[in-house]
Structure formats: structure tokens, C-alpha cells
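One file, protein16.txt, is given below (compact mmCIF, C-alpha atoms).
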```txt
# COMPACT_ATOMS: atom_id res chain seq x y z
CA MET B 154 7.48 -14.35 20.70
CA PRO B 155 7.11 -16.35 17.46
CA GLU B 156 10.26 -17.36 15.64
CA TYR B 157 10.60 -16.15 12.07
CA SER B 158 12.78 -17.58 9.35
CA GLU B 159 15.52 -15.54 7.70
CA GLN B 160 13.38 -15.36 4.58
CA ASP B 161 10.39 -14.05 6.57
CA LEU B 162 12.57 -11.40 8.20
CA LYS B 163 13.97 -10.45 4.81
CA TYR B 164 10.47 -9.91 3.39
CA ALA B 165 9.38 -7.94 6.45
CA THR B 166 12.50 -5.77 6.33
CA GLU B 167 11.96 -5.01 2.64
CA PHE B 168 8.32 -4.16 3.30
CA ARG B 169 9.28 -1.91 6.22
CA ASN B 170 12.01 -0.21 4.15
CA ASP B 171 9.53 0.58 1.38
CA ILE B 172 7.27 2.28 3.90
CA HIS B 173 10.26 4.20 5.30
CA LYS B 174 11.17 5.40 1.79
CA GLU B 175 7.63 6.61 1.27
CA ALA B 176 7.65 8.49 4.57
CA LEU B 177 11.14 9.91 3.96
CA ALA B 178 10.06 11.31 0.59
CA ILE B 179 7.31 13.27 2.36
CA VAL B 180 9.67 14.53 5.07
CA ARG B 181 12.23 15.65 2.51
CA LYS B 182 9.73 17.95 0.83
CA THR B 183 10.38 20.37 3.69
CA HIS B 184 13.59 18.94 5.21
CA PRO B 185 15.83 17.72 2.38
CA ASN B 186 18.75 17.01 4.73
CA VAL B 187 16.93 14.28 6.68
CA THR B 188 18.43 10.86 5.88
CA GLU B 189 16.26 8.49 7.91
CA VAL B 190 12.88 8.31 9.55
CA ILE B 191 11.77 7.44 13.05
CA ASP B 192 9.65 4.29 13.21
CA ARG B 193 8.49 3.18 16.64
CA HIS B 194 7.87 -0.35 15.33
CA PRO B 195 10.63 -2.97 15.11
CA VAL B 196 10.60 -5.29 12.13
CA GLU B 197 8.82 -7.98 14.18
CA ASP B 198 5.76 -5.73 14.38
CA TYR B 199 5.41 -6.10 10.63
CA PHE B 200 4.14 -9.65 10.98
CA GLN B 201 0.54 -10.67 11.56
CA GLU B 202 -0.66 -14.08 12.69
CA ASN B 203 -3.82 -15.16 10.89
CA TRP B 204 -6.09 -18.14 10.93
CA GLU B 205 -6.10 -19.59 7.43
CA TYR B 206 -9.56 -20.12 6.07
CA PRO B 207 -10.66 -22.69 7.06
CA GLY B 208 -7.69 -24.59 8.48
CA LYS B 209 -4.51 -23.37 10.22
CA MET B 210 -2.42 -20.47 11.47
CA TYR B 211 -0.07 -18.69 9.08
CA THR B 212 2.11 -15.59 9.19
CA ILE B 213 1.95 -12.73 6.72
CA VAL B 214 3.94 -9.53 6.32
CA ALA B 215 1.63 -6.56 6.88
CA ILE B 216 1.40 -3.17 8.52
CA PRO B 217 1.56 -3.30 12.33
CA TYR B 218 -1.67 -3.72 14.26
CA GLY B 219 -3.48 -0.54 15.21
CA TYR B 220 -3.46 1.28 11.84
CA LYS B 221 -6.45 1.68 9.57
CA SER B 222 -4.30 1.64 6.44
CA ARG B 223 -0.76 1.76 5.09
CA GLN B 224 -1.12 5.51 4.58
CA ALA B 225 -2.03 5.98 8.24
CA LEU B 226 1.23 4.26 9.20
CA VAL B 227 3.25 6.41 6.78
CA ASP B 228 1.65 9.56 8.20
CA GLN B 229 2.52 8.49 11.75
CA ILE B 230 6.16 7.85 10.81
CA VAL B 231 6.33 11.27 9.15
CA ARG B 232 4.83 12.86 12.25
CA ASP B 233 7.26 11.08 14.58
CA THR B 234 10.20 12.01 12.37
CA LEU B 235 9.26 15.67 12.23
CA SER B 236 8.67 15.76 15.98
CA GLY B 237 11.79 13.85 17.00
CA ASN B 238 14.50 14.75 14.52
CA THR B 239 17.18 17.39 15.04
CA TYR B 240 18.26 19.46 12.10
CA ASP B 241 21.35 21.27 10.88
CA LYS B 242 22.59 23.61 13.62
CA ASP B 243 24.51 25.73 11.10
CA LEU B 244 21.35 27.16 9.56
CA THR B 245 21.04 30.95 9.66
CA SER B 246 18.28 32.43 11.81
CA THR B 247 16.17 33.14 8.72
CA GLN B 248 16.66 29.60 7.44
CA ALA B 249 15.89 28.18 10.87
CA LEU B 250 12.66 30.12 11.12
CA ARG B 251 11.66 29.06 7.63
CA ASP B 252 12.53 25.47 8.51
CA MET B 253 10.38 25.59 11.65
CA ALA B 254 7.49 27.12 9.70
CA ASN B 255 7.67 24.41 7.05
CA ARG B 256 7.82 21.76 9.71
CA LYS B 257 4.80 23.21 11.55
CA ASN B 258 2.87 23.52 8.29
CA LEU B 259 3.47 19.89 7.35
CA LEU B 260 2.49 18.70 10.83
CA ASN B 261 -0.69 20.76 10.60
CA GLN B 262 -1.46 19.18 7.23
CA LEU B 263 -0.98 15.71 8.70
CA ASP B 264 -3.17 16.55 11.70
CA THR B 265 -5.89 17.89 9.41
CA LYS B 266 -5.64 14.78 7.26
CA GLN B 267 -5.88 12.61 10.36
CA ASP B 268 -8.95 14.53 11.53
CA ASP B 269 -10.58 14.09 8.11
CA ASN B 270 -9.80 10.37 8.12
CA GLU B 271 -11.19 9.98 11.62
CA GLU B 272 -14.39 11.79 10.64
CA LEU B 273 -14.74 9.53 7.61
CA LEU B 274 -14.16 6.46 9.74
CA MET B 275 -16.74 7.63 12.29
CA THR B 276 -19.28 8.08 9.51
CA GLU B 277 -18.60 4.59 8.25
CA LYS B 278 -18.76 3.21 11.78
CA LYS B 279 -22.19 4.74 12.31
CA ARG B 280 -23.36 3.02 9.14
CA ASN B 281 -21.91 -0.35 10.03
CA ASP B 282 -19.50 -1.01 12.86
CA ASP B 283 -18.44 -4.50 11.81
CA PRO B 284 -14.62 -4.85 12.17
CA PHE B 285 -14.50 -6.48 8.73
CA TYR B 286 -14.68 -3.03 7.15
CA THR B 287 -11.49 -2.03 8.94
CA LEU B 288 -9.66 -5.04 7.52
CA ILE B 289 -10.96 -4.68 3.98
CA SER B 290 -9.89 -1.02 3.90
CA GLU B 291 -6.30 -2.31 3.66
CA TYR B 292 -7.11 -3.78 0.22
CA SER B 293 -7.40 -0.58 -1.78
CA ASN B 294 -6.76 -2.29 -5.14
CA LEU B 295 -9.52 -4.84 -4.69
CA VAL B 296 -12.21 -4.98 -7.39
CA VAL B 297 -14.61 -7.02 -5.26
CA GLU B 298 -17.00 -5.01 -3.09
CA TYR B 299 -18.61 -6.20 0.13
CA CYS B 300 -21.63 -5.19 2.14
CA ILE B 301 -22.71 -6.74 5.44
CA VAL B 302 -26.46 -6.63 5.99
CA LYS B 303 -27.45 -7.30 9.58
CA GLU B 304 -31.23 -7.12 9.28
CA LYS B 305 -32.61 -10.41 10.60
CA GLN B 306 -34.33 -12.15 7.71
CA HIS B 307 -33.53 -15.82 8.36
CA GLY B 308 -32.56 -16.93 4.89
CA GLY B 309 -34.69 -17.94 1.95
CA TYR B 310 -34.91 -16.58 -1.59
CA GLU B 311 -36.83 -13.38 -0.84
CA SER B 312 -34.65 -12.60 2.18
CA HIS B 313 -31.61 -12.84 -0.09
CA ARG B 314 -33.27 -10.48 -2.57
CA ARG B 315 -34.10 -7.95 0.17
CA SER B 316 -30.47 -8.05 1.32
CA LEU B 317 -29.33 -7.51 -2.28
CA LYS B 318 -31.60 -4.44 -2.50
CA THR B 319 -30.21 -3.07 0.78
CA ALA B 320 -26.63 -3.56 -0.38
CA PHE B 321 -27.25 -2.10 -3.82
CA SER B 322 -28.63 1.05 -2.27
CA ARG B 323 -25.21 1.45 -0.60
CA PHE B 324 -23.13 0.31 -3.59
CA SER B 325 -24.96 2.05 -6.37
CA GLY B 326 -23.81 5.70 -6.22
CA GLU B 327 -24.55 7.04 -9.69
CA TRP B 328 -25.61 3.66 -11.10
CA ASN B 329 -29.20 2.90 -12.00
CA GLY B 330 -30.64 -0.52 -11.45
CA ASN B 331 -33.57 -2.57 -10.24
CA PRO B 332 -32.66 -5.53 -7.99
CA ASP B 333 -36.26 -6.75 -8.25
CA GLN B 334 -35.37 -7.86 -11.78
CA ALA B 335 -32.43 -10.00 -10.59
CA VAL B 336 -32.77 -13.77 -10.85
CA GLY B 337 -30.96 -15.90 -8.29
CA LYS B 338 -29.93 -19.53 -8.12
CA ARG B 339 -28.68 -21.51 -5.14
CA VAL B 340 -24.98 -22.47 -5.23
CA SER B 341 -22.84 -24.41 -2.80
CA ALA B 342 -19.99 -23.06 -0.69
CA GLU B 343 -17.64 -25.32 -2.64
CA GLU B 344 -18.70 -23.63 -5.87
CA MET B 345 -18.33 -20.18 -4.37
CA PHE B 346 -14.77 -20.73 -3.12
CA SER B 347 -13.65 -22.97 -5.98
CA SER B 348 -10.20 -22.51 -7.50
CA ASP B 349 -11.44 -24.07 -10.75
CA PHE B 350 -11.51 -21.06 -13.06
CA GLN B 351 -13.81 -21.73 -16.01
CA ASP B 352 -13.35 -19.84 -19.27
CA GLY B 353 -15.92 -17.12 -19.69
CA LYS B 354 -17.16 -17.36 -16.10
CA LEU B 355 -16.15 -15.22 -13.15
CA ASN B 356 -16.30 -16.81 -9.72
CA TYR B 357 -15.51 -15.27 -6.34
CA ARG B 358 -11.89 -16.41 -6.01
CA LYS B 359 -11.09 -15.37 -9.57
CA ALA B 360 -12.67 -11.95 -9.05
CA PHE B 361 -10.55 -11.43 -5.93
CA LEU B 362 -7.22 -12.67 -7.33
CA CYS B 363 -7.41 -11.88 -11.06
CA PRO B 364 -8.73 -8.34 -11.66
CA PRO B 365 -8.12 -6.62 -15.02
CA HIS B 366 -5.11 -4.84 -13.54
CA GLN B 367 -2.75 -6.84 -11.34
CA SER B 368 -3.35 -6.19 -7.65
CA GLY B 369 -0.61 -8.35 -6.11
CA TYR B 370 -3.04 -10.05 -3.74
CA THR B 371 -2.50 -13.75 -3.08
CA ASP B 372 -4.33 -16.81 -1.79
CA LYS B 373 -3.22 -15.80 1.70
CA ASP B 374 -4.99 -12.46 1.30
CA PHE B 375 -8.08 -14.28 0.07
CA ALA B 376 -7.93 -16.58 3.08
CA ARG B 377 -7.42 -13.69 5.49
CA VAL B 378 -10.39 -11.73 4.17
CA ASN B 379 -12.73 -14.70 4.29
CA ALA B 380 -11.58 -15.76 7.74
CA ALA B 381 -12.76 -12.34 8.93
CA LEU B 382 -15.91 -12.39 6.83
CA PHE B 383 -17.00 -15.94 7.76
CA PRO B 384 -15.26 -16.61 11.10
CA ASN B 385 -17.27 -19.75 11.83
CA GLY B 386 -16.40 -21.52 8.59
CA ILE B 387 -18.47 -22.33 5.52
CA ASP B 388 -20.79 -25.07 6.74
CA GLY B 389 -23.47 -22.59 7.81
CA LEU B 390 -23.55 -20.60 4.56
CA GLU B 391 -26.60 -20.32 2.29
CA ILE B 392 -25.55 -18.78 -1.02
CA TYR B 393 -27.37 -17.37 -4.04
CA GLU B 394 -25.72 -16.26 -7.27
CA TRP B 395 -27.65 -13.54 -9.10
CA SER B 396 -27.99 -12.44 -12.70
CA THR B 397 -26.25 -9.18 -13.58
CA ASP B 398 -28.39 -7.71 -16.35
CA TRP B 399 -30.41 -5.47 -14.05
CA SER B 400 -28.01 -2.57 -13.36
CA GLU B 401 -25.55 -0.23 -15.05
CA TYR B 402 -23.10 -1.22 -12.29
CA PHE B 403 -22.29 -4.37 -14.26
CA ASP B 404 -21.84 -2.75 -17.70
CA ASP B 405 -18.03 -2.55 -17.45
CA GLY B 406 -17.69 -6.20 -16.53
CA HIS B 407 -19.97 -7.27 -19.37
CA GLU B 408 -17.39 -5.92 -21.83
CA TRP B 409 -15.06 -8.89 -21.20
CA TRP B 410 -13.74 -9.43 -17.65
CA GLY B 411 -16.96 -10.59 -16.07
CA THR B 412 -19.44 -9.77 -13.34
CA LEU B 413 -20.23 -11.21 -9.94
CA CYS B 414 -23.23 -10.88 -7.66
CA LEU B 415 -23.61 -13.10 -4.60
CA THR B 416 -25.68 -13.02 -1.44
CA VAL B 417 -24.44 -15.17 1.41
CA TYR B 418 -26.48 -15.87 4.51
CA ASP B 419 -24.38 -17.01 7.47
CA LYS B 420 -26.69 -18.99 9.73
CA THR B 421 -24.16 -18.96 12.58
CA LEU B 422 -24.13 -15.15 12.69
CA ASP B 423 -27.65 -14.51 11.38
CA ARG B 424 -26.45 -11.99 8.82
CA PHE B 425 -26.04 -11.57 5.08
CA VAL B 426 -22.93 -10.70 3.10
CA VAL B 427 -23.42 -9.26 -0.38
CA ILE B 428 -20.47 -9.57 -2.77
CA MET B 429 -20.35 -7.74 -6.09
CA ALA B 430 -17.74 -7.12 -8.76
CA SER B 431 -17.59 -5.53 -12.20
CA ALA B 432 -14.56 -4.01 -13.93
CA THR B 433 -12.94 -3.29 -17.26
CA ASP B 434 -9.46 -2.46 -18.51
```
Is it possible to express this structure as C-alpha cells?
Amino acid sequence: MPEYSEQDLKYATEFRNDIHKEALAIVRKTHPNVTEVIDRHPVEDYFQENWEYPGKMYTIVAIPYGYKSRQALVDQIVRDTLSGNTYDKDLTSTQALRDMANRKNLLNQLDTKQDDNEELLMTEKKRNDDPFYTLISEYSNLVVEYCIVKEKQHGGYESHRRSLKTAFSRFSGEWNGNPDQAVGKRVSAEEMFSSDFQDGKLNYRKAFLCPPHQSGYTDKDFARVNAALFPNGIDGLEIYEWSTDWSEYFDDGHEWWGTLCLTVYDKTLDRFVVIMASATD
């Protein structure tokens, strides 16, 4: 088992306690006398070992492995608490029956929610089963959007454009746009991942770490996401940066924050990653 510093354990404990408070607040809606929740995970489970992009191992505080999101963990703790707790034995028969009904109702709500989430996840899996989508679902406050395009097109300008069109058809929703009007230019991996933030220009790192509203994500989060997205490093990446005057999707970002549109062909995996961002305050 890895050894963690006192500071690491402190951060993990605080993170775990916040999740417990969130779960307890839900439990107390029907069982106000409950004072603590049941969490099957010790504090050590709230660490994850990650390979830093592109260099070394590091440890972060995160939800335990096996959960699709923080909310899924909270729901499980609520479920375990409702199933495993004992309640006030002095309740009258009427109160006890009402208590049991409330408890059953809340469990049914959680089960229904879990079923809905599983159906949603199955739909997403049918569309694209890449495990990256599971990881990125943990970053609910992220402005950057990703789409993995697995059609084999072998790089080149027009292949990048076709991947952009495929991704935009998934991104667009209610937005109008014509990717055929986009103009792309080749950029290096060093430019794409640069920490040199230029005034008036939005690059990938800046879009991830500096959205209009603070997200709390750090360089470690950026490294973790890209380690999953480009597991074989950056040497095999062919990157195009595209103009953003061809769709309503980018209107918000044009107000002041900025816009981003990248297509990245990973030669080692023979796939494209499309990265887009646009936001306003």
C-alpha cells in the first residue's frame, strides 16, 4: 500500500467528509435523527495514482475507483446508510410505519435514479465506448468539450475537416454551423499544450484551467485528462487549429473569453480527438 503524508491524508479526509455531509443532508430529509453515514470506503480509497502527462506518477485526492461520478458515490452512501442504520426504538407504531415508508420511498427514488443513469450511460456507451468519456464525466464544470472520432482517415487536412464535421454533428445540438467553411492551420504539440497565455488568445491549457467562472481544476487535472486522452504521449500527434466564425456555437466566446477549435490526430492510436470551447460570463 502506498504511504501518504499527513497533509495528503488531511486533504483526503476533508474531501471524504464533504461527501459525507452531502449524503447526510439527503438522509436527514426523511430521517432527521441520523448523525452519521455509512461509507464502505476508508480514507485511503480516496486517493488515485495517475501517470502525469507526460512524465511521472503522482497522487491525487478523488472519488474511489468504480464510480461514474461524485453523485453516484453520494447516492451509494445514502443507500448504504438507509439500508444499514437503526433508528429510534421509542417511535410510536404510526411514526415507525411512516419512517419505514419514507425510507422505502427514498430508496426507490435512488434506485430509479440509478436506473436512469445506467440507461444514459448505456446510450453513451453505444455511441462511443472509449473509457475517456467515463473519466471526463467527473469534470462537470469543464468548459472544454471533447469528441473522439474513430473513423480511420489517416491524417491530412481533409481528414481533419471530416473529423471536425463528425464531431460538430454530435456537439451542435441547437447550434447552426457549417464546418466546410472552417479554415485550419497546422500547429505543434508544444503550442497546443503551452502554458504561455497570450493576451487576447485562448489556447487549450487556458481554456481548461481558466474558464469564465472558476472551476477549481488544476494542472494535475489537466495532466490526468490528457494522460487518458493521449496515453502514448505527444510525439505522434498531428494538430490543426480551426477558425471559429462558422457556427453559432462560438458566439458566446466571441464576446470576450475566447473560442477554441482543435482537431488532433493520434498516429499511435489511429484516431482523432476534436476539442472545442466557447463560453461567456
For the atom pair atom CA of B:Glu298 and atom CA of B:Thr421, what is the interatomic distance in Å to one decimal place?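 Value for the atom CA of B:Glu298-atom CA of B:Thr421 distance: 22.2 Å.
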Atomic distance atom CA of B:Ser347 - atom CA of B:Ser431, expressed in Å with one decimal: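 Interatomic distance, atom CA of B:Ser347 to atom CA of B:Ser431: 18.9 Å.
Nearest-residue note for B:Ile387: choosing from B:Lys221, B:Lys373, B:Lys420, B:His307, the minimum distance belongs to B:Lys420, counting only C-alpha atoms.
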With all atoms listed in the file as the atoms that count, which of B:Ala320, B:Leu422, B:Val302, B:Ala430 lies nearest to B:Pro365?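 Selected residue with least distance to B:Pro365: B:Ala430.
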From the set B:Gly309, B:Pro384, B:Gly389, B:Pro195, which residue has the shortest atom-to-atom contact distance to B:Pro217, counting all atoms listed in the file?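 Ranked by minimum distance to B:Pro217, first place goes to B:Pro195.
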Work out how far atom CA of B:Tyr370 is from atom CA of B:Asp161, in Å to one decimal.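 Distance between the two atoms: 17.4 Å.
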With only C-alpha atoms counted, which protein, DNA or RNA residues have an atom no more than 12 Å from (-13.1, -4.9, 8.5) in the file frame? Please answer as a PDB file with C-alpha atoms, in the frame of the given file.
```pdb
ATOM      1  CA  TYR B 220      -3.460   1.280  11.840  1.00  0.00           C
ATOM      2  CA  LYS B 221      -6.450   1.680   9.570  1.00  0.00           C
ATOM      3  CA  SER B 222      -4.300   1.640   6.440  1.00  0.00           C
ATOM      4  CA  LEU B 274     -14.160   6.460   9.740  1.00  0.00           C
ATOM      5  CA  GLU B 277     -18.600   4.590   8.250  1.00  0.00           C
ATOM      6  CA  LYS B 278     -18.760   3.210  11.780  1.00  0.00           C
ATOM      7  CA  ASN B 281     -21.910  -0.350  10.030  1.00  0.00           C
ATOM      8  CA  ASP B 282     -19.500  -1.010  12.860  1.00  0.00           C
ATOM      9  CA  ASP B 283     -18.440  -4.500  11.810  1.00  0.00           C
ATOM     10  CA  PRO B 284     -14.620  -4.850  12.170  1.00  0.00           C
ATOM     11  CA  PHE B 285     -14.500  -6.480   8.730  1.00  0.00           C
ATOM     12  CA  TYR B 286     -14.680  -3.030   7.150  1.00  0.00           C
ATOM     13  CA  THR B 287     -11.490  -2.030   8.940  1.00  0.00           C
ATOM     14  CA  LEU B 288      -9.660  -5.040   7.520  1.00  0.00           C
ATOM     15  CA  ILE B 289     -10.960  -4.680   3.980  1.00  0.00           C
ATOM     16  CA  SER B 290      -9.890  -1.020   3.900  1.00  0.00           C
ATOM     17  CA  GLU B 291      -6.300  -2.310   3.660  1.00  0.00           C
ATOM     18  CA  TYR B 292      -7.110  -3.780   0.220  1.00  0.00           C
ATOM     19  CA  TYR B 299     -18.610  -6.200   0.130  1.00  0.00           C
ATOM     20  CA  CYS B 300     -21.630  -5.190   2.140  1.00  0.00           C
ATOM     21  CA  ILE B 301     -22.710  -6.740   5.440  1.00  0.00           C
ATOM     22  CA  ARG B 377      -7.420 -13.690   5.490  1.00  0.00           C
ATOM     23  CA  VAL B 378     -10.390 -11.730   4.170  1.00  0.00           C
ATOM     24  CA  ASN B 379     -12.730 -14.700   4.290  1.00  0.00           C
ATOM     25  CA  ALA B 380     -11.580 -15.760   7.740  1.00  0.00           C
ATOM     26  CA  ALA B 381     -12.760 -12.340   8.930  1.00  0.00           C
ATOM     27  CA  LEU B 382     -15.910 -12.390   6.830  1.00  0.00           C
ATOM     28  CA  PHE B 383     -17.000 -15.940   7.760  1.00  0.00           C
TER      29      PHE B 383
END
```
Which residue out of B:Tyr357, B:Phe403, B:Phe425, B:Tyr199 has the minimum interatomic distance to B:Arg169 when all atoms listed in the file are used?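 The answer is B:Tyr199, which sits nearest to B:Arg169.
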Counting only C-alpha atoms, figure out which residue out of B:Ser158, B:Thr416, B:Ser400, B:Ser322 gets nearest to B:Val340. B:Thr416
Supply stretch 398-412 of chain B as a short mmCIF file (atom, residue, chain, number, x, y, z; two decimals), keeping the file's coordinate frame, with N, CA and C atoms built in where the input has gaps.
```
data_model
loop_
_atom_site.label_atom_id
_atom_site.label_comp_id
_atom_site.auth_asym_id
_atom_site.auth_seq_id
_atom_site.Cartn_x
_atom_site.Cartn_y
_atom_site.Cartn_z
N ASP B 398 -27.89 -8.51 -15.23
CA ASP B 398 -28.39 -7.71 -16.35
C ASP B 398 -29.40 -6.66 -15.89
N TRP B 399 -29.39 -6.34 -14.61
CA TRP B 399 -30.41 -5.47 -14.05
C TRP B 399 -29.87 -4.11 -13.57
N SER B 400 -28.58 -3.85 -13.80
CA SER B 400 -28.01 -2.57 -13.36
C SER B 400 -26.85 -2.13 -14.22
N GLU B 401 -26.70 -0.81 -14.35
CA GLU B 401 -25.55 -0.23 -15.05
C GLU B 401 -24.24 -0.56 -14.34
N TYR B 402 -24.31 -0.89 -13.05
CA TYR B 402 -23.10 -1.22 -12.29
C TYR B 402 -22.28 -2.29 -12.99
N PHE B 403 -22.96 -3.22 -13.67
CA PHE B 403 -22.29 -4.37 -14.26
C PHE B 403 -21.86 -4.16 -15.72
N ASP B 404 -22.13 -2.97 -16.27
CA ASP B 404 -21.84 -2.75 -17.70
C ASP B 404 -20.36 -2.95 -18.02
N ASP B 405 -19.47 -2.42 -17.19
CA ASP B 405 -18.03 -2.55 -17.45
C ASP B 405 -17.62 -4.02 -17.52
N GLY B 406 -18.07 -4.79 -16.56
CA GLY B 406 -17.69 -6.20 -16.53
C GLY B 406 -18.24 -6.99 -17.69
N HIS B 407 -19.39 -6.56 -18.23
CA HIS B 407 -19.97 -7.27 -19.37
C HIS B 407 -19.14 -7.11 -20.63
N GLU B 408 -18.23 -6.12 -20.64
CA GLU B 408 -17.39 -5.92 -21.83
C GLU B 408 -16.50 -7.14 -22.09
N TRP B 409 -15.89 -7.68 -21.00
CA TRP B 409 -15.06 -8.89 -21.20
C TRP B 409 -14.64 -9.56 -19.91
N TRP B 410 -14.32 -8.81 -18.85
CA TRP B 410 -13.74 -9.43 -17.65
C TRP B 410 -14.73 -10.30 -16.91
N GLY B 411 -15.95 -9.81 -16.75
CA GLY B 411 -16.96 -10.59 -16.07
C GLY B 411 -17.63 -9.81 -14.95
N THR B 412 -18.68 -10.39 -14.42
CA THR B 412 -19.44 -9.77 -13.34
C THR B 412 -19.72 -10.81 -12.26
#
```
